[in-house]
Every structure is written in C-alpha cells, then in structure tokens.
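Everything below belongs to work29.cif, which stores mmCIF, C-alpha atoms and all ligand atoms.
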data_upload
#
loop_
_atom_site.label_atom_id
_atom_site.label_comp_id
_atom_site.auth_asym_id
_atom_site.auth_seq_id
_atom_site.Cartn_x
_atom_site.Cartn_y
_atom_site.Cartn_z
CA MET N 1 -35.06 -26.51 81.23
CA ARG N 2 -36.75 -29.54 82.78
CA LYS N 3 -37.13 -32.54 80.50
CA ILE N 4 -40.39 -34.35 79.96
CA ASN N 5 -39.53 -37.43 81.96
CA PHE N 6 -41.31 -40.70 81.12
CA SER N 7 -39.08 -42.78 83.40
CA ALA N 8 -40.63 -45.87 85.00
CA GLY N 9 -39.20 -45.23 88.43
CA PRO N 10 -37.88 -43.34 90.22
CA SER N 11 -39.92 -41.00 88.11
CA THR N 12 -40.92 -37.42 87.59
CA LEU N 13 -42.38 -35.49 90.51
CA PRO N 14 -44.85 -32.61 90.39
CA LEU N 15 -42.83 -29.43 89.93
CA GLU N 16 -44.73 -27.61 92.69
CA LEU N 17 -43.73 -30.30 95.10
CA LEU N 18 -40.04 -30.04 94.25
CA GLN N 19 -40.25 -26.28 94.59
CA LYS N 20 -41.88 -26.55 98.00
CA ALA N 21 -39.16 -28.97 99.15
CA GLN N 22 -36.57 -26.53 97.82
CA ASP N 23 -38.14 -23.58 99.62
CA GLU N 24 -38.18 -25.48 102.89
CA LEU N 25 -34.90 -27.33 102.53
CA LEU N 26 -32.65 -25.07 104.60
CA ASN N 27 -35.23 -23.72 106.97
CA TYR N 28 -38.25 -25.93 107.61
CA GLN N 29 -41.25 -23.81 108.61
CA ASN N 30 -38.93 -21.08 109.83
CA LYS N 31 -37.50 -23.32 112.54
CA GLY N 32 -33.89 -22.72 111.52
CA PHE N 33 -33.09 -26.28 110.40
CA SER N 34 -33.92 -28.75 107.69
CA ILE N 35 -36.46 -31.53 108.12
CA MET N 36 -33.52 -33.84 107.31
CA GLU N 37 -31.59 -32.62 110.33
CA ILE N 38 -33.91 -33.41 113.19
CA SER N 39 -34.76 -36.46 115.25
CA HIS N 40 -37.62 -38.69 114.23
CA ARG N 41 -38.68 -38.50 117.90
CA THR N 42 -39.55 -34.80 117.70
CA LYS N 43 -43.04 -33.40 117.51
CA ILE N 44 -42.13 -31.59 114.29
CA PHE N 45 -41.24 -34.81 112.51
CA GLU N 46 -44.14 -36.72 114.04
CA GLU N 47 -46.54 -34.19 112.55
CA VAL N 48 -45.14 -34.94 109.10
CA HIS N 49 -45.15 -38.70 109.72
CA PHE N 50 -48.66 -39.08 111.11
CA GLY N 51 -50.04 -36.41 108.79
CA ALA N 52 -48.80 -38.44 105.81
CA MET N 53 -50.29 -41.64 107.20
CA ASN N 54 -53.66 -40.01 107.78
CA ASN N 55 -53.77 -38.42 104.34
CA ALA N 56 -52.77 -41.70 102.69
CA LYS N 57 -55.71 -43.44 104.36
CA LYS N 58 -58.00 -40.54 103.59
CA LEU N 59 -57.17 -40.69 99.87
CA TYR N 60 -58.24 -44.34 99.72
CA GLY N 61 -61.19 -43.72 102.06
CA LEU N 62 -59.98 -46.32 104.57
CA ASN N 63 -61.34 -46.68 108.09
CA ASP N 64 -59.69 -48.03 111.22
CA ASP N 65 -59.86 -51.63 109.98
CA TYR N 66 -56.62 -50.77 108.21
CA GLU N 67 -53.30 -49.55 109.42
CA VAL N 68 -50.58 -47.79 107.43
CA LEU N 69 -47.00 -48.94 107.85
CA PHE N 70 -43.93 -47.07 106.60
CA LEU N 71 -41.16 -49.55 105.87
CA GLN N 72 -37.82 -49.73 104.09
CA GLY N 73 -36.25 -52.24 101.71
CA GLY N 74 -38.47 -51.29 98.76
CA ALA N 75 -41.36 -53.32 97.46
CA SER N 76 -38.80 -56.11 97.05
CA LEU N 77 -38.48 -56.70 100.79
CA GLN N 78 -42.25 -57.11 100.97
CA PHE N 79 -41.90 -60.11 98.67
CA ALA N 80 -40.25 -61.84 101.65
CA MET N 81 -42.06 -60.16 104.54
CA ILE N 82 -45.45 -61.20 103.22
CA PRO N 83 -44.89 -64.97 103.38
CA MET N 84 -42.77 -64.60 106.53
CA ASN N 85 -45.52 -62.82 108.42
CA LEU N 86 -48.72 -63.94 106.79
CA SER N 87 -48.42 -67.57 105.71
CA LEU N 88 -50.20 -70.11 107.89
CA ASP N 89 -50.21 -73.88 107.40
CA GLY N 90 -52.02 -73.74 104.07
CA VAL N 91 -51.25 -72.70 100.51
CA CYS N 92 -49.99 -69.28 99.41
CA GLU N 93 -51.50 -68.61 95.99
CA TYR N 94 -50.03 -66.31 93.35
CA ALA N 95 -51.11 -65.03 89.93
CA ASN N 96 -47.99 -64.68 87.79
CA THR N 97 -48.25 -61.61 85.57
CA GLY N 98 -44.61 -60.69 85.12
CA VAL N 99 -41.19 -60.14 86.61
CA TRP N 100 -42.46 -58.63 89.86
CA THR N 101 -44.73 -61.53 90.69
CA LYS N 102 -42.02 -64.02 89.69
CA LYS N 103 -39.72 -62.37 92.18
CA ALA N 104 -42.40 -62.47 94.87
CA ILE N 105 -43.00 -66.17 94.16
CA LYS N 106 -39.27 -66.87 94.40
CA GLU N 107 -38.96 -65.24 97.81
CA ALA N 108 -41.91 -67.22 99.15
CA GLN N 109 -40.31 -70.41 97.86
CA ILE N 110 -36.97 -69.56 99.48
CA LEU N 111 -38.82 -69.22 102.77
CA GLY N 112 -40.33 -72.67 102.35
CA ALA N 113 -43.92 -71.50 101.94
CA ASN N 114 -46.31 -73.85 100.18
CA VAL N 115 -46.59 -71.80 96.99
CA LYS N 116 -49.10 -72.42 94.24
CA VAL N 117 -49.19 -70.42 91.01
CA VAL N 118 -52.87 -70.41 90.03
CA ALA N 119 -52.63 -68.38 86.83
CA SER N 120 -49.91 -67.14 84.48
CA SER N 121 -49.57 -65.25 81.23
CA GLU N 122 -45.88 -66.07 80.87
CA GLU N 123 -46.36 -68.11 77.68
CA ASP N 124 -47.73 -64.99 75.99
CA LYS N 125 -44.87 -62.78 77.15
CA PHE N 126 -47.15 -61.41 79.84
CA ASP N 127 -49.17 -59.45 77.27
CA HIS N 128 -52.45 -59.78 79.19
CA ILE N 129 -53.93 -60.32 82.64
CA PRO N 130 -55.04 -63.96 82.78
CA SER N 131 -58.32 -64.93 84.37
CA VAL N 132 -57.57 -65.76 87.97
CA GLU N 133 -59.35 -67.92 90.49
CA PHE N 134 -58.03 -68.35 93.98
CA SER N 135 -59.05 -71.03 96.48
CA ASP N 136 -61.34 -69.83 99.24
CA ASN N 137 -59.14 -71.33 101.91
CA ALA N 138 -55.73 -70.14 100.67
CA ASP N 139 -53.58 -68.45 103.32
CA TYR N 140 -53.59 -65.50 100.96
CA ALA N 141 -54.12 -64.64 97.30
CA TYR N 142 -51.41 -62.53 95.71
CA ILE N 143 -51.52 -60.26 92.66
CA CYS N 144 -49.57 -57.37 91.16
CA SER N 145 -52.12 -54.76 90.11
CA ASN N 146 -50.02 -53.09 87.42
CA ASN N 147 -47.17 -54.74 85.59
CA THR N 148 -44.66 -51.97 85.13
CA ILE N 149 -42.56 -53.69 82.47
CA TYR N 150 -45.25 -55.19 80.20
CA GLY N 151 -47.77 -52.40 80.54
CA THR N 152 -50.64 -54.53 81.77
CA GLN N 153 -53.06 -53.71 84.59
CA TYR N 154 -55.99 -55.48 86.23
CA PRO N 155 -59.17 -53.70 85.07
CA SER N 156 -60.69 -54.99 88.33
CA TYR N 157 -59.35 -57.27 91.03
CA PRO N 158 -60.30 -60.94 91.32
CA LYS N 159 -63.01 -61.65 93.87
CA THR N 160 -61.55 -63.74 96.65
CA LYS N 161 -62.59 -65.20 99.97
CA ALA N 162 -58.92 -65.58 100.87
CA PRO N 163 -57.19 -62.37 101.94
CA LEU N 164 -56.09 -60.52 98.80
CA ILE N 165 -52.59 -59.07 98.74
CA VAL N 166 -51.81 -56.46 96.10
CA ASP N 167 -48.44 -55.13 94.96
CA ALA N 168 -49.57 -51.71 93.74
CA SER N 169 -46.10 -50.18 93.36
CA SER N 170 -46.68 -48.80 89.89
CA ASP N 171 -50.30 -47.69 90.15
CA PHE N 172 -50.16 -46.50 93.74
CA PHE N 173 -52.49 -43.56 94.42
CA SER N 174 -53.56 -43.43 90.77
CA LYS N 175 -57.25 -44.32 91.29
CA LYS N 176 -59.81 -45.33 93.91
CA VAL N 177 -59.74 -49.03 94.76
CA ASP N 178 -62.40 -51.37 96.14
CA PHE N 179 -60.87 -52.65 99.35
CA SER N 180 -63.62 -55.13 100.20
CA ASN N 181 -61.39 -58.18 99.53
CA ILE N 182 -58.06 -56.52 100.16
CA ALA N 183 -56.00 -57.49 103.20
CA VAL N 184 -52.68 -55.93 102.18
CA PHE N 185 -52.11 -53.19 99.62
CA TYR N 186 -48.56 -52.03 99.25
CA GLY N 187 -45.87 -50.47 97.14
CA GLY N 188 -42.58 -48.70 96.99
CA VAL N 189 -43.60 -45.06 96.64
CA GLN N 190 -40.93 -43.97 94.15
CA LYS N 191 -43.01 -44.58 91.04
CA ASN N 192 -46.20 -42.72 91.60
CA ALA N 193 -46.15 -41.23 95.09
CA GLY N 194 -42.76 -39.93 96.06
CA ILE N 195 -39.09 -40.84 96.14
CA SER N 196 -37.19 -44.06 96.75
CA GLY N 197 -36.44 -45.33 100.25
CA LEU N 198 -40.00 -45.67 101.50
CA SER N 199 -42.55 -48.44 101.14
CA CYS N 200 -46.11 -47.80 102.20
CA VAL N 201 -48.15 -50.81 103.32
CA PHE N 202 -51.88 -50.69 104.04
CA MET N 203 -52.66 -53.67 106.21
CA ARG N 204 -55.97 -54.98 107.52
CA LYS N 205 -55.67 -55.51 111.24
CA ASP N 206 -56.42 -59.24 111.24
CA MET N 207 -53.20 -59.70 109.24
CA LEU N 208 -51.27 -58.08 112.07
CA GLU N 209 -52.62 -60.79 114.37
CA ARG N 210 -50.94 -63.38 112.16
CA SER N 211 -47.68 -61.47 112.30
CA LYS N 212 -47.78 -61.36 116.12
CA THR N 213 -47.57 -65.13 116.36
CA LYS N 214 -44.42 -65.42 114.22
CA ASN N 215 -40.93 -65.84 115.58
CA ILE N 216 -39.02 -63.62 113.15
CA PRO N 217 -36.47 -60.79 113.51
CA SER N 218 -37.98 -57.53 114.74
CA MET N 219 -37.19 -55.46 111.66
CA LEU N 220 -38.96 -58.01 109.48
CA LYS N 221 -42.04 -58.28 111.64
CA TYR N 222 -45.13 -56.23 110.75
CA ALA N 223 -46.45 -56.38 114.29
CA VAL N 224 -43.29 -54.74 115.64
CA HIS N 225 -43.56 -51.86 113.18
CA SER N 226 -47.25 -51.50 113.91
CA GLU N 227 -46.76 -51.41 117.70
CA ASN N 228 -44.16 -48.69 117.20
CA ASP N 229 -46.14 -46.58 114.71
CA SER N 230 -43.45 -47.29 112.09
CA LEU N 231 -40.91 -45.56 114.34
CA PHE N 232 -39.25 -48.71 115.66
CA ASN N 233 -35.95 -47.50 114.28
CA THR N 234 -34.96 -44.39 112.33
CA PRO N 235 -37.29 -44.20 109.35
CA PRO N 236 -36.29 -42.60 105.99
CA THR N 237 -37.32 -39.16 107.22
CA PHE N 238 -36.76 -37.20 104.03
CA ALA N 239 -38.62 -39.79 101.91
CA ILE N 240 -41.52 -39.58 104.38
CA TYR N 241 -41.48 -35.79 104.13
CA MET N 242 -41.64 -36.00 100.33
CA PHE N 243 -44.44 -38.56 100.58
CA ALA N 244 -46.30 -36.17 102.89
CA LEU N 245 -46.00 -33.41 100.28
CA GLU N 246 -47.23 -35.81 97.61
CA MET N 247 -50.29 -36.81 99.69
CA GLN N 248 -51.17 -33.15 100.14
CA TRP N 249 -50.66 -32.53 96.42
CA LEU N 250 -53.05 -35.36 95.58
CA LEU N 251 -55.68 -33.98 97.95
CA ASP N 252 -55.24 -30.55 96.35
CA GLN N 253 -55.77 -32.14 92.91
CA GLY N 254 -59.18 -33.31 94.12
CA GLY N 255 -58.23 -36.77 95.35
CA LEU N 256 -57.97 -40.11 93.57
CA GLU N 257 -61.15 -39.83 91.46
CA ALA N 258 -59.91 -36.58 89.98
CA ILE N 259 -56.40 -37.89 89.32
CA ASN N 260 -57.86 -41.05 87.78
CA ALA N 261 -59.95 -38.99 85.36
CA LYS N 262 -56.75 -37.30 84.19
CA ASN N 263 -54.91 -40.60 84.00
CA GLU N 264 -57.65 -42.10 81.82
CA GLN N 265 -57.53 -39.14 79.48
CA LYS N 266 -53.74 -39.38 79.15
CA ALA N 267 -53.77 -43.13 78.48
CA LYS N 268 -56.60 -42.80 75.94
CA THR N 269 -54.65 -40.15 74.05
CA LEU N 270 -51.50 -42.26 73.87
CA TYR N 271 -53.20 -45.57 72.98
CA GLU N 272 -55.19 -43.80 70.26
CA CYS N 273 -51.97 -42.49 68.82
CA ILE N 274 -50.57 -46.05 68.77
CA ASP N 275 -53.74 -47.71 67.46
CA GLN N 276 -54.27 -45.13 64.72
CA SER N 277 -50.73 -45.44 63.36
CA GLY N 278 -51.75 -48.05 60.78
CA GLY N 279 -49.51 -50.65 62.36
CA PHE N 280 -46.41 -48.45 62.56
CA TYR N 281 -46.60 -48.64 66.35
CA LYS N 282 -48.03 -51.57 68.28
CA ALA N 283 -48.85 -51.80 71.98
CA HIS N 284 -47.49 -54.82 73.85
CA ALA N 285 -50.56 -55.28 76.06
CA LYS N 286 -53.76 -56.78 74.69
CA GLU N 287 -56.90 -54.71 74.81
CA GLY N 288 -58.70 -55.19 78.12
CA SER N 289 -55.41 -55.50 80.01
CA ARG N 290 -53.82 -52.21 79.07
CA SER N 291 -52.13 -50.19 81.76
CA LEU N 292 -53.03 -46.56 82.34
CA MET N 293 -49.60 -46.05 83.88
CA ASN N 294 -46.97 -47.75 81.73
CA VAL N 295 -47.54 -47.83 77.99
CA SER N 296 -45.14 -50.38 76.46
CA PHE N 297 -45.05 -50.47 72.69
CA ASN N 298 -42.94 -51.31 69.67
CA VAL N 299 -42.09 -49.64 66.43
CA ALA N 300 -43.68 -52.63 64.72
CA LYS N 301 -42.80 -51.48 61.24
CA ASN N 302 -39.09 -51.87 61.97
CA ALA N 303 -37.59 -52.64 65.38
CA ASP N 304 -34.28 -51.09 64.27
CA LEU N 305 -36.04 -47.75 64.50
CA GLU N 306 -36.57 -48.13 68.25
CA PRO N 307 -33.15 -46.84 69.36
CA VAL N 308 -33.53 -44.04 66.80
CA PHE N 309 -36.90 -43.17 68.34
CA VAL N 310 -35.38 -43.00 71.81
CA LYS N 311 -32.45 -40.89 70.63
CA GLU N 312 -34.53 -38.43 68.62
CA ALA N 313 -37.00 -38.07 71.49
CA GLU N 314 -34.10 -37.21 73.78
CA GLU N 315 -32.95 -34.55 71.35
CA VAL N 316 -36.27 -32.77 71.76
CA GLY N 317 -36.32 -33.03 75.55
CA MET N 318 -38.16 -36.30 76.25
CA ILE N 319 -36.33 -38.88 78.34
CA GLY N 320 -36.96 -42.28 79.93
CA LEU N 321 -38.60 -43.83 76.86
CA LYS N 322 -36.37 -46.87 76.41
CA GLY N 323 -38.26 -50.07 77.19
CA HIS N 324 -37.22 -52.34 80.05
CA ARG N 325 -34.22 -54.49 79.15
CA LEU N 326 -36.32 -57.66 79.46
CA LEU N 327 -38.94 -56.57 76.95
CA GLY N 328 -37.16 -54.03 74.75
CA GLY N 329 -39.12 -51.57 72.64
CA ILE N 330 -40.44 -48.28 73.95
CA ARG N 331 -42.15 -47.57 77.25
CA ALA N 332 -43.79 -44.33 78.28
CA SER N 333 -44.64 -44.19 81.96
CA ILE N 334 -47.39 -41.65 82.39
CA TYR N 335 -47.78 -41.51 86.15
CA ASN N 336 -49.75 -38.93 88.14
CA ALA N 337 -47.13 -36.18 87.70
CA ILE N 338 -47.23 -36.34 83.88
CA SER N 339 -49.70 -33.89 82.37
CA LEU N 340 -52.04 -34.42 79.41
CA GLU N 341 -50.10 -31.71 77.59
CA GLN N 342 -46.88 -33.68 77.97
CA VAL N 343 -48.56 -36.80 76.58
CA GLN N 344 -49.82 -34.74 73.64
CA THR N 345 -46.27 -33.55 73.01
CA LEU N 346 -45.15 -37.18 72.88
CA CYS N 347 -47.95 -38.02 70.45
CA GLU N 348 -46.97 -35.15 68.16
CA PHE N 349 -43.41 -36.45 68.17
CA MET N 350 -44.65 -39.96 67.38
CA LYS N 351 -46.64 -38.73 64.39
CA ASP N 352 -43.69 -36.75 63.05
CA PHE N 353 -41.39 -39.73 63.58
CA GLN N 354 -43.77 -41.97 61.68
CA LYS N 355 -43.95 -39.53 58.74
CA LYS N 356 -40.20 -39.29 58.63
CA TYR N 357 -39.58 -43.04 58.59
CA SER N 358 -42.50 -44.62 56.75
C1 LIG N 401 -40.59 -51.34 90.81
C2 LIG N 401 -41.47 -52.40 91.27
C3 LIG N 401 -41.11 -53.26 92.33
C4 LIG N 401 -39.77 -53.20 93.01
O1 LIG N 401 -39.67 -52.08 93.79
P1 LIG N 401 -38.37 -51.76 94.68
O2 LIG N 401 -38.87 -50.62 95.50
O3 LIG N 401 -37.26 -51.41 93.75
O4 LIG N 401 -38.05 -52.95 95.49
C5 LIG N 401 -42.03 -54.19 92.74
N1 LIG N 401 -43.24 -54.30 92.15
C6 LIG N 401 -43.61 -53.50 91.13
C7 LIG N 401 -44.95 -53.67 90.53
C8 LIG N 401 -42.74 -52.53 90.66
O5 LIG N 401 -43.12 -51.73 89.64
#
Let me see the structure of the file written as structure tokens.
Amino acid sequence: MRKINFSAGPSTLPLELLQKAQDELLNYQNKGFSIMEISHRTKIFEEVHFGAMNNAKKLYGLNDDYEVLFLQGGASLQFAMIPMNLSLDGVCEYANTGVWTKKAIKEAQILGANVKVVASSEEDKFDHIPSVEFSDNADYAYICSNNTIYGTQYPSYPKTKAPLIVDASSDFFSKKVDFSNIAVFYGGVQKNAGISGLSCVFMRKDMLERSKTKNIPSMLKYAVHSENDSLFNTPPTFAIYMFALEMQWLLDQGGLEAINAKNEQKAKTLYECIDQSGGFYKAHAKEGSRSLMNVSFNVAKNADLEPVFVKEAEEVGMIGLKGHRLLGGIRASIYNAISLEQVQTLCEFMKDFQKKYS
C-alpha cells in the first residue's frame, strides 16, 4: 500500500510515472539495457535530454530568448553561481522571505558581492510576502517565489527594470508564469518536477553574456554549460530521465494551466478546512500570501497536540506532515502529484482529530 505522502521534498511522484520507470528500468525501449547504463553521448540519451529541455520550455511557453540548463549541486549551488556569474559592478538586491533567501544572501556575501536586502518579513516570522521594490539599476533583483518552510508564495512577482531572478524550487511547474521581467528562473526539481540530483535553470540569453566575461571555474560557469548543451561533463542521467517523464506527464495533464486549476482547488479545500475549524487549526501564512504548495499550520488550540496529530495521521497512512524543524507545527505539501481526493482525505482526518480532542 502506498502512503499518502505530504513530504516537502523529495516528495511524492505521480504513480504512473514510477510505473513507467519501473517498466523501462531493465530494458529501455526494448534496447536491452537500462537508461542508467548508457553513455550521455549516445543518441538515445540525447533524445531524452533534449526532449526534456524542449518540453520544459514548451510548458512555460518560452521562446528562444531563453535557454534551459541542466545543472547539479541542487538549488543551493545556484545561490553561489548567480552572484558569481551575474553580478556586475553594482548592487545585487534581495527580498528576504525566509531561510532559502537568507542562504542565497549569505552566499552572495561570501563572494564579496555588494548585497542589499530591500525587503524582509523576518520580524514577523516570515508569515507574509512583504511589499518589494527593487532599484531599476540593480545588477539583479532576487526573490524566492514560494517559501517552502513558512508556506508563503508571491501572488504575483514584483515589477522590475532590473533582471529578476526567481528561486522557484517549490512551485516549479505548478502554474503559468509571466516571464516579461524574468531573467533567471530556477529550481531543484525534486519538489515538484522530479527527483533529486538535477537543477533546471531557465536563463535569458543576455545573462549568458555576463557569464562569458567572468573568470571562474568551468563547472561553475553558466556559459560553459550553455556552450556544451548541459553535457559538459556527465550529467545526472537518471534524474534527467525522470524529469523527462515528468514533463511528458504534465503535458498529458493539459499543461500548467490545467495543473494550476487543480492546485488551486486543493489549496482552497485545505485552507477552508483550517479556517472553518473555529480556531482549532491556524495557518502560519497571512491571507494574501498563502502558498498553494506548502500549507504550514498549527494546532492552535494546543501545540502539544501537534506530535499526536502527526503520529495519528501516520497510523492511517499519511506521512510527511511534521513541520520544518525551524517553524514546528504541521506542514502539508500538496504538490502537483497530490490529488484533490488525497487532500480531502487529510481534511476528513483533521475534522475527526478536532472532534476527538476539543
Ligand atoms: C528545497 C529548496 C532549496 C534547496 O534545494 P536543494 O536542491 O536541496 O539545494 C532552495 N530553495 C527553495 C525554495 C527550496 O524549497
């Protein structure tokens, strides 16, 4: 029996996709070997690799102004690669909305970039997205679109003249996005679009020009990866294969508008359950900043009930509900692969739990 898995990442994958990988694992397309066992320089692998890149761009409706890079080191390495490759002589501006932006700010500081934090919601335990205004002439303007731990998400992105850089790790491929200001849009794919080991970076081509001028090690240089079609060295071939399956799955679901409609329905169901509990449960994020992906909440009536909640949920087959260690409480991550039915099952459990303990 598969559990209902609300883990924040790595997280649940669509069952069909796991089954397809299983079917093909020993004998990829009747070739007599696994996709894991062949060179990344073969035509067979290149079809997977470039097919995934094309479908990723297609899902976001991107034209040739953007390139897709497949990189390693997680989203966390991007925290360093961004200032290394893209800072100029000016100011690198950041909006601080939680742990992941703090880490990105720290890496830029280590590298000696001229960092300015233009907005922060830290004093309010990151319970909302602050209003953000970036300077027109900043080297870049940096945000994290969805704050995985606190359960906040930008309802829309700040308008910027400076190139906007977005860490979209935890709402990757969950909805259509307006790219008109976006220069870099990236994430580790293990939360909402595949398995760990692969980062996918959409980069506007003028950013690659900046990278070209930098004297930095090859593996850390966007321009090197771009010139080599992300095959400069051995890429994480199995993670790319899984990502390719995920891209196809999303297209089969009807694309990002269709998946977003489902995501909205799921989030609405869960927030209603929280809001209509008469104060028994309370969401961490303020209205207007609530994430459709990660719903962080407390058993407000009595925090001692939180570990009981997690334990009793596990007993009925629901896992991954313990909140992040920095925030505590409960967190339900309801990424693309979670169905409305599964969210409804959680809500039923929550109502029963409330009855039992009020
Ligand atoms: C998980 C996460 C990261 C870190 O990702 P790694 O792939 O583990 O480096 C960065 N940003 C956000 C928003 C995340 O959710």
Sort by chain and increasing residue number a table of all residues of chain N within 8 Å of ligand LIG 401 (chain N), each with its closest pair of atoms and their distance in Å to one decimal, counting only C-alpha atoms and all ligand atoms, and write it as a tab-separated table.
residue	atom	partner	partner_atom	distance
N:Ala8	CA	N:LIG401	O5	7.9
N:Gly9	CA	N:LIG401	C1	6.7
N:Gly73	CA	N:LIG401	O4	6.5
N:Gly74	CA	N:LIG401	O2	3.4
N:Ala75	CA	N:LIG401	O4	3.9
N:Ser76	CA	N:LIG401	O4	3.6
N:Leu77	CA	N:LIG401	O4	6.5
N:Trp100	CA	N:LIG401	N1	5.0
N:Thr101	CA	N:LIG401	N1	7.5
N:Cys144	CA	N:LIG401	C7	6.0
N:Ser145	CA	N:LIG401	C7	7.3
N:Asn146	CA	N:LIG401	C7	6.0
N:Asn147	CA	N:LIG401	C7	5.5
N:Thr148	CA	N:LIG401	O5	4.8
N:Ile149	CA	N:LIG401	O5	7.5
N:Asp167	CA	N:LIG401	C7	5.8
N:Ala168	CA	N:LIG401	C7	6.0
N:Ser169	CA	N:LIG401	C7	4.6
N:Ser170	CA	N:LIG401	O5	4.6
N:Gly187	CA	N:LIG401	N1	6.8
N:Gly188	CA	N:LIG401	O2	4.4
N:Val189	CA	N:LIG401	O2	7.4
N:Gln190	CA	N:LIG401	O2	7.1
N:Lys191	CA	N:LIG401	C1	7.2
N:Ser196	CA	N:LIG401	O2	6.9
N:Gly197	CA	N:LIG401	O2	7.5
N:Leu198	CA	N:LIG401	O2	7.9
N:Ser199	CA	N:LIG401	O2	7.1
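For the residues N:Thr12, N:Ser34, N:Gln354, N:Asn85, ranking by smallest atom-to-atom distance to N:Asn336 using only C-alpha atoms places N:Thr12 first.
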Take every atom of stretch 347-355 of chain N listed in the file, fit an axis-aligned box around them, add 4 Å per side, and give the centre and edge lengths in Å to one decimal as AutoDock Vina command-line options.
--center_x -44.7 --center_y -38.6 --center_z 64.6 --size_x 14.6 --size_y 14.8 --size_z 19.7
Neighbours of stretch 86-95 of chain N within 6 Å (only C-alpha atoms; same-chain residues fewer than 3 positions away dropped), as number ranges by chain?
N: 82-83, 114-120, 138-143, 210
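Atom to atom, atom CA of N:Phe238 and atom CA of N:His49 stand 10.2 Å apart.
Distance check against N:Pro235 using only C-alpha atoms: of N:Lys301, N:Asp136, N:Phe45, N:Ile195, the minimum falls on N:Phe45.
The shortest atom-to-atom distance to N:Asn55, with only C-alpha atoms taken into account, belongs to N:Asp252 out of N:Glu315, N:Asp252, N:Glu287, N:Glu348.
For the choices N:Ser218, N:Ser174, N:Asn63, N:Asn233, the atom-to-atom distance to N:Asn263 is smallest for N:Ser174 when using all atoms listed in the file.
Among the candidates N:Gly112, N:Asp304, N:Ala244, N:Gly317, the one nearest to N:Glu47 when counting all atoms listed in the file is N:Ala244.
The spacing separating atom CA of N:Ser7 from atom CA of N:Lys262 amounts to 18.5 Å.
Considering the residues N:Leu321, N:Ala162, N:Leu327, N:Leu111 and counting all atoms listed in the file, N:Ser135 has its shortest atom-to-atom contact with N:Ala162.
Atom pair atom CA of N:Phe172 / atom CA of N:Phe134: separated by 23.2 Å.
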Mind checking which residues fall within 12 Å of N:Leu26, counting all atoms listed in the file, ignoring those fewer than 6 positions away in the same chain, and posting them as a list in words?
Lys20, Gly32, Phe33, Ser34, Ile35, Met36 and Glu37 of chain N
Skip stretch 40-44 of chain N itself and residues of its chain fewer than 6 positions away, then list as a compact mmCIF listing (two decimals) with C-alpha atoms, in the coordinates of the input all residues within 10 Å of it, counting all atoms listed in the file.
# COMPACT_ATOMS: atom_id res chain seq x y z
CA TYR N 28 -38.25 -25.93 107.61
CA GLN N 29 -41.25 -23.81 108.61
CA LYS N 31 -37.50 -23.32 112.54
CA LEU N 231 -40.91 -45.56 114.34
CA ASN N 233 -35.95 -47.50 114.28
CA THR N 234 -34.96 -44.39 112.33
CA PRO N 235 -37.29 -44.20 109.35
CA PRO N 236 -36.29 -42.60 105.99
CA THR N 237 -37.32 -39.16 107.22
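A search radius of 6 Å centred on (-58.6, -61.9, 101.0), applied to all atoms listed in the file, returns the residues Thr160, Lys161, Ala162, Pro163, Leu164, Asn181, Ile182 and Ala183 of chain N.
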Just C-alpha atoms for this one: save the residues we selected as a CSV table (one decimal), in the frame of the given file.
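Final output, saved to out_8.csv:
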chain,number,residue,atom,x,y,z
N,160,THR,CA,-61.6,-63.7,96.6
N,161,LYS,CA,-62.6,-65.2,100.0
N,162,ALA,CA,-58.9,-65.6,100.9
N,163,PRO,CA,-57.2,-62.4,101.9
N,164,LEU,CA,-56.1,-60.5,98.8
N,181,ASN,CA,-61.4,-58.2,99.5
N,182,ILE,CA,-58.1,-56.5,100.2
N,183,ALA,CA,-56.0,-57.5,103.2
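By all atoms listed in the file, and with residues fewer than 2 positions from N:Ser358 along its chain excluded, the set lying at most 12 Å from it is Ser277, Gly278, Gly279, Phe280, Tyr281, Val299, Ala300, Lys301, Asn302, Leu305, Met350, Lys351, Asp352, Phe353, Gln354, Lys355 and Lys356 of chain N.
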Could you please fill out stretch 57-61 of chain N with all heavy atoms and send it back as a JSON list (two decimals), keeping the file's coordinate frame?
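Output below, filename selection10.json:
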[["chain", "number", "residue", "atom", "x", "y", "z"],
["N", 57, "LYS", "N", -54.47, -42.70, 104.09],
["N", 57, "LYS", "CA", -55.71, -43.44, 104.36],
["N", 57, "LYS", "C", -56.92, -42.68, 103.84],
["N", 57, "LYS", "O", -57.86, -43.27, 103.30],
["N", 57, "LYS", "CB", -55.87, -43.70, 105.86],
["N", 57, "LYS", "CG", -55.15, -44.95, 106.34],
["N", 57, "LYS", "CD", -55.28, -45.15, 107.83],
["N", 57, "LYS", "CE", -56.66, -45.64, 108.25],
["N", 57, "LYS", "NZ", -56.69, -46.03, 109.67],
["N", 58, "LYS", "N", -56.89, -41.38, 104.02],
["N", 58, "LYS", "CA", -58.00, -40.54, 103.59],
["N", 58, "LYS", "C", -58.19, -40.63, 102.08],
["N", 58, "LYS", "O", -59.31, -40.72, 101.57],
["N", 58, "LYS", "CB", -57.68, -39.10, 104.00],
["N", 58, "LYS", "CG", -58.78, -38.10, 103.78],
["N", 58, "LYS", "CD", -58.38, -36.81, 104.49],
["N", 58, "LYS", "CE", -59.19, -35.63, 104.07],
["N", 58, "LYS", "NZ", -58.65, -34.40, 104.69],
["N", 59, "LEU", "N", -57.08, -40.63, 101.34],
["N", 59, "LEU", "CA", -57.17, -40.69, 99.87],
["N", 59, "LEU", "C", -57.87, -41.97, 99.42],
["N", 59, "LEU", "O", -58.66, -41.96, 98.48],
["N", 59, "LEU", "CB", -55.78, -40.58, 99.25],
["N", 59, "LEU", "CG", -55.21, -39.16, 99.19],
["N", 59, "LEU", "CD1", -53.70, -39.17, 99.02],
["N", 59, "LEU", "CD2", -55.86, -38.35, 98.08],
["N", 60, "TYR", "N", -57.59, -43.07, 100.08],
["N", 60, "TYR", "CA", -58.24, -44.34, 99.72],
["N", 60, "TYR", "C", -59.57, -44.55, 100.47],
["N", 60, "TYR", "O", -60.22, -45.58, 100.27],
["N", 60, "TYR", "CB", -57.30, -45.52, 99.97],
["N", 60, "TYR", "CG", -56.31, -45.74, 98.85],
["N", 60, "TYR", "CD1", -54.94, -45.59, 99.06],
["N", 60, "TYR", "CD2", -56.74, -46.12, 97.57],
["N", 60, "TYR", "CE1", -54.02, -45.80, 98.03],
["N", 60, "TYR", "CE2", -55.83, -46.32, 96.53],
["N", 60, "TYR", "CZ", -54.48, -46.17, 96.77],
["N", 60, "TYR", "OH", -53.58, -46.38, 95.75],
["N", 61, "GLY", "N", -59.93, -43.60, 101.33],
["N", 61, "GLY", "CA", -61.19, -43.72, 102.06],
["N", 61, "GLY", "C", -61.21, -44.89, 103.04],
["N", 61, "GLY", "O", -62.24, -45.53, 103.23]]
